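Trainee: Sending over a structure as structure tokens; questions will come in a sec.
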Amino acid sequence: MDLSFALLELASNSLDAGATLVKIRLRVGRRACLKVSDNGRGMDDETLKRACEEGFSGKGSSGLGLYKTAKYANQSGGSLKLRSKIGKGTSAILKARQFETGDMASSLAVILDDESDIVFKARIGLKRIKLDTRRLRSETGGISLSDARKKAVIKKYVNENLK
Amino acid sequence: MKKSIADIMAIRQSMQSEIILRDNVDAEKEIHIIVGMGTCGIEAGAREVFNAMVDYIEEHDLKGIRVTRTGCMGDCADEPMIEVHVPGKEHEVYKKVTAKKAVEIIKKLAK
């Protein structure tokens with residue numbers, strides 16, 4: 001596990017919750033803070049309380065994603081905090097002290113598609129990047145972000161700007 | 001210029017050759033590959049499989065192939081799993097896919 005896999009786990013949950021907008025904010029310095037917030041269906045209090053339990057799932061899956069992500073955060077000297085409201089969405093804030101950033105571009109390539117928009121703002125050391133698929137779509141005449149070649153272009157762009 | 005606007009401009013520039021004008025593959029002819037991306041899939045290497053296909057498609061300039069994620073496909077022991085939808089054909093499911101196998105599948109589709 002690294003921050004890029006944590007991003008993939010959290011954003012995958014957002015998409016599985018029917019989110020049409022996923023906002024990701026990443027700050028990496030001596031410590032790291034990753035926030036993923038969405039407008040998905042959200043969780044009730046009982047589900048939220050149990051969300052990070054091993055084997056517990058609100059969607060019929062393995063129930064390991066949030067458990068492993070929270071474990072990773074704790075082992076790295078940080079934490080994973082979730083907030084959620086039914087009908088409004090969920091936000092997850094992961095803090096880490098000892099971490100690897102990982103391959104952010106590969107995780108982003110996976111979550112880009114035509115069903116939802118992604119806003120990705122990252123600051124890694126002195127490097128900054130902002131990717132807003134709502135603007136990208138409107139500025140490019142509605143390109144398909146499910147198309148593999150478009151994903152590859154965005155991957156290259158993210159890699160060039162973050163490495 | 002705001003950084004975000006500069007970013008959009010840069011991506012748009014990179015996409016000049018990619019923009020729909022040159023990319024008008026019929027929607028009915030598009031191949032769609034779906035990769036199981038539940039935690040089980042991710043742990044078994046689904047992200048690498050996904051990106052191996054994206055990279056190969058880009059390197060070989062293959063048009064009209066959509067690659068998207070889905071959640072757990074229900075058969076965790078057989079992850080990574082991919083579903084290949086080719087218009088006019090029955091869809092195919094591949095189990096325990098590796099990055100190498102995924103590229104072979106794309107090569108076969110591109111023939």
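Residues in the structure tokens are numbered from 1 in each chain, the chains being A, B, ... in the order shown, and ligands are numbered from 1 in the order shown.
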Report as a list in words the set of chain B residues whose atoms approach chain A to within 6 Å, with distances computed over only C-alpha atoms.

Mentor: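 Only these qualify: Ser4, Thr39, Val54, Glu58, Ile65, Arg66, Val67 and Thr68 of chain B.
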
Trainee: Quick one: residues within 7 Å of B:Ala99, only C-alpha atoms counted, chain neighbours fewer than 3 positions away excluded, as a list in words?

Mentor: Glu48, Val49, Ala52, Ala102 and Val103 of chain B

Trainee: Do you know which residues are at most 10 Å from B:Gly45 counting only C-alpha atoms, after dropping those on the same chain fewer than 3 positions away, and could you put them as a JSON list (two decimals) with C-alpha atoms, in the first residue's frame?

Mentor:
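Final file, result.json:
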```json
[["chain", "number", "residue", "atom", "x", "y", "z"],
["B", 37, "MET", "CA", -11.25, -2.96, -9.41],
["B", 39, "THR", "CA", -10.00, -4.33, -3.23],
["B", 40, "CYS", "CA", -9.50, -7.98, -4.21],
["B", 41, "GLY", "CA", -8.74, -6.94, -7.80],
["B", 42, "ILE", "CA", -6.45, -4.09, -6.78],
["B", 48, "GLU", "CA", -1.11, -2.78, -13.36],
["B", 49, "VAL", "CA", -3.29, -4.79, -15.76],
["B", 50, "PHE", "CA", -5.43, -1.72, -16.45],
["B", 79, "GLU", "CA", -8.92, -11.59, -9.84],
["B", 80, "PRO", "CA", -7.71, -9.68, -11.73],
["B", 81, "MET", "CA", -10.69, -10.22, -14.01],
["B", 96, "LYS", "CA", -6.33, -14.21, -13.36],
["B", 97, "VAL", "CA", -5.11, -11.73, -15.93],
["B", 98, "THR", "CA", -1.55, -10.43, -15.75],
["B", 99, "ALA", "CA", -0.19, -7.30, -17.45]]
```

Trainee: Using only C-alpha atoms, which protein or nucleic acid residues come within 12 Å of B:Ile31? Drop anything in the same chain fewer than 4 positions from it, and give the result as a PyMOL selection string.

Mentor: (chain A and resi 146-148) or (chain B and resi 25-27+57+62-68+83-89+91-92+106+109-110)

Trainee: Find the distance between atom CA of B:Cys72 and atom CA of B:Met53 and write it in Å to one decimal.

Mentor: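 These atoms are spaced 19.3 Å apart.
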
Trainee: Looking at A:Asn39, A:Ser4, A:Thr47, A:Thr101, which one is nearest to A:Ser116, with distances taken over only C-alpha atoms?

Mentor: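 The closest residue to A:Ser116 is A:Asn39.
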
Trainee: Taking only C-alpha atoms into account, name the residue in A:Ser138, A:Met43, A:Glu115, A:Val22 that is nearest to B:Thr70.

Mentor: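 Closest residue, counting only C-alpha atoms: A:Glu115.
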
Trainee: Would you mind listing what lies within 12 Å of A:Ala96 as a ChimeraX atom specification, with only C-alpha atoms counted and same-chain residues fewer than 6 positions away left out?

Mentor: /A:2-3,6,26-35,69-81

Trainee: Quick one: DSSP helix (DSSP H, G or I) residues in stretch 20-86 of chain B, as a list in words?

Mentor: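 Restricting stretch 20-86 of chain B to helix (DSSP H, G or I) produces Ile20, Leu21, Arg22, Ala27, Glu28, Lys29, Thr39, Cys40, Gly41, Ile42, Glu43, Ala44, Ala46, Arg47, Glu48, Val49, Phe50, Asn51, Ala52, Met53, Val54, Asp55, Tyr56, Ile57, Glu58, Glu59, Cys76, Ala77 and Asp78 of chain B.
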